[in-house]
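Asks: Before anything else, here's the structure in question.
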Amino acid sequence: MEEQAPGSATGPEDEVEPDVRFTYANERTFLAWNRTALAIIATGVVVVGILPKFSVDFGRRILGIPMILLGAFISWRSLGEWRDNEEAMRHERPLPRSNLPRILTVGVVIVALIAAVLAAFQHGA
């Protein structure tokens with residue numbers, strides 16, 4: 001019988017059970033991304049509903065809605081990354097690279113730029 005190379009698994013029968021520590025680490029990473037997403041969503045909700053009005057029409061929404069959408073996207077994508085990592089571990093393949101840090105950074109920079117523009121147009125504080 002010919003031996004298969006690592007990472008060449010083709011179906012569920014070729015899966016291996018990963019070390020439970022790696023499975024738990026993957027789950028903790030997933031949960032951490034979701035805590036981050038929840039914090040961003042909550043901040044967006046606070047901006048839209050509680051922050052004083054800006055001089056610019058719809059200023060709170062212009063700032064808060066991208067935050068809510070960013071948080072929702074991070075949460076949704078973290079599930080995909082958790083699943084992809086699990087599959088890679090079970091088939092003894094290298095873990096895929098994560099784009100979430102880059103997405104989060106770009107999203108935060110965009111929201112910060114929006115906030116700076118809105119603050120620039122704010123009349124007397």
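Just so we're on the same page: first chain in the structure tokens is A, next is B, and so on; residues restart at 1 for each chain, and ligands are numbered from 1 in the order they show up.
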I'd like a table as CSV: residues in region 72-107 of chain A with an atom no more than 9 Å from region 25-47 of chain A, each row giving the shortest atom pair and its distance in Å to one decimal, only C-alpha atoms counted, sorted by chain and rising residue number.
Replies:
residue,atom,partner,partner_atom,distance
A:Ala72,CA,A:Ala37,CA,6.5
A:Phe73,CA,A:Ala37,CA,8.1
A:Ile74,CA,A:Ala37,CA,5.8
A:Ser75,CA,A:Asn34,CA,5.2
A:Trp76,CA,A:Asn34,CA,8.7
A:Ser78,CA,A:Phe30,CA,5.8
A:Leu79,CA,A:Phe30,CA,6.8
A:Glu81,CA,A:Phe30,CA,7.9
A:Trp82,CA,A:Phe30,CA,6.0
A:Asn85,CA,A:Asn26,CA,7.2
A:Glu86,CA,A:Asn26,CA,7.5
A:Leu100,CA,A:Trp33,CA,8.5
Asks: Could those selected residues go to a file with C-alpha atoms, as a PDB file, in the first residue's frame?
Replies:
ATOM      1  CA  ALA A  72     -20.602  42.314  11.421  1.00  0.00           C
ATOM      2  CA  PHE A  73     -18.091  41.497   8.684  1.00  0.00           C
ATOM      3  CA  ILE A  74     -15.370  40.583  11.184  1.00  0.00           C
ATOM      4  CA  SER A  75     -17.750  38.288  13.038  1.00  0.00           C
ATOM      5  CA  TRP A  76     -18.912  36.600   9.829  1.00  0.00           C
ATOM      6  CA  SER A  78     -14.035  34.871  11.795  1.00  0.00           C
ATOM      7  CA  LEU A  79     -16.395  31.918  11.442  1.00  0.00           C
ATOM      8  CA  GLU A  81     -11.397  31.407   9.375  1.00  0.00           C
ATOM      9  CA  TRP A  82     -12.241  29.122  12.302  1.00  0.00           C
ATOM     10  CA  ASN A  85      -8.254  26.385  10.330  1.00  0.00           C
ATOM     11  CA  GLU A  86     -10.140  23.343  11.614  1.00  0.00           C
ATOM     12  CA  LEU A 100      -8.661  39.741   9.597  1.00  0.00           C
TER      13      LEU A 100
END
Asks: As a PyMOL selection string, please: every residue in chain A that a backbone DSSP assignment puts in alpha helix (DSSP H).
Replies: chain A and resi 20-49+59-90+100-120
Asks: Nearest residue to Leu51 (chain A) out of A:Gly64, A:Glu92, A:Thr105, A:Gly71, using only C-alpha atoms?
Replies: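 Among the listed residues, A:Gly64 lies closest to Leu51 (chain A).
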Asks: Please provide as a tab-separated table (two decimals) with C-alpha atoms, in the first residue's frame all residues within 12 Å of Asp57 (chain A), with the sequence filter that same-chain residues fewer than 4 positions apart are discarded (counting only C-alpha atoms).
Replies:
chain	number	residue	atom	x	y	z
A	53	LYS	CA	-25.67	65.41	16.81
A	61	ARG	CA	-24.90	57.55	10.95
A	62	ILE	CA	-21.99	58.34	8.61
A	63	LEU	CA	-19.66	57.40	11.48
A	118	LEU	CA	-16.76	65.17	10.78
A	121	PHE	CA	-16.81	70.45	10.16
A	122	GLN	CA	-18.19	70.58	13.70
Asks: Ranking A:Pro94, A:Met67, A:His123, A:Met89 by minimum distance to Asp19 (chain A) and counting only C-alpha atoms, which one comes first?
Replies: A:Met89
Asks: How many Å separate CA of Ala115 (chain A) from CA of Pro66 (chain A)?
Replies: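 So the two atoms, CA of Ala115 (chain A) and CA of Pro66 (chain A), lie 11.1 Å apart.
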Asks: Using only C-alpha atoms, which of A:Gly59, A:His91, A:Gly80, A:Phe54 sits nearest Glu15 (chain A)?
Replies: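 That would be A:His91, the residue with the smallest distance to Glu15 (chain A).
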Asks: Given only C-alpha atoms as the basis, pick out the residue of A:Val111, A:Ala88, A:Val56, A:Ala119 nearest to Pro18 (chain A).
Replies: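 Using only C-alpha atoms, Pro18 (chain A) sits closest to A:Ala88.
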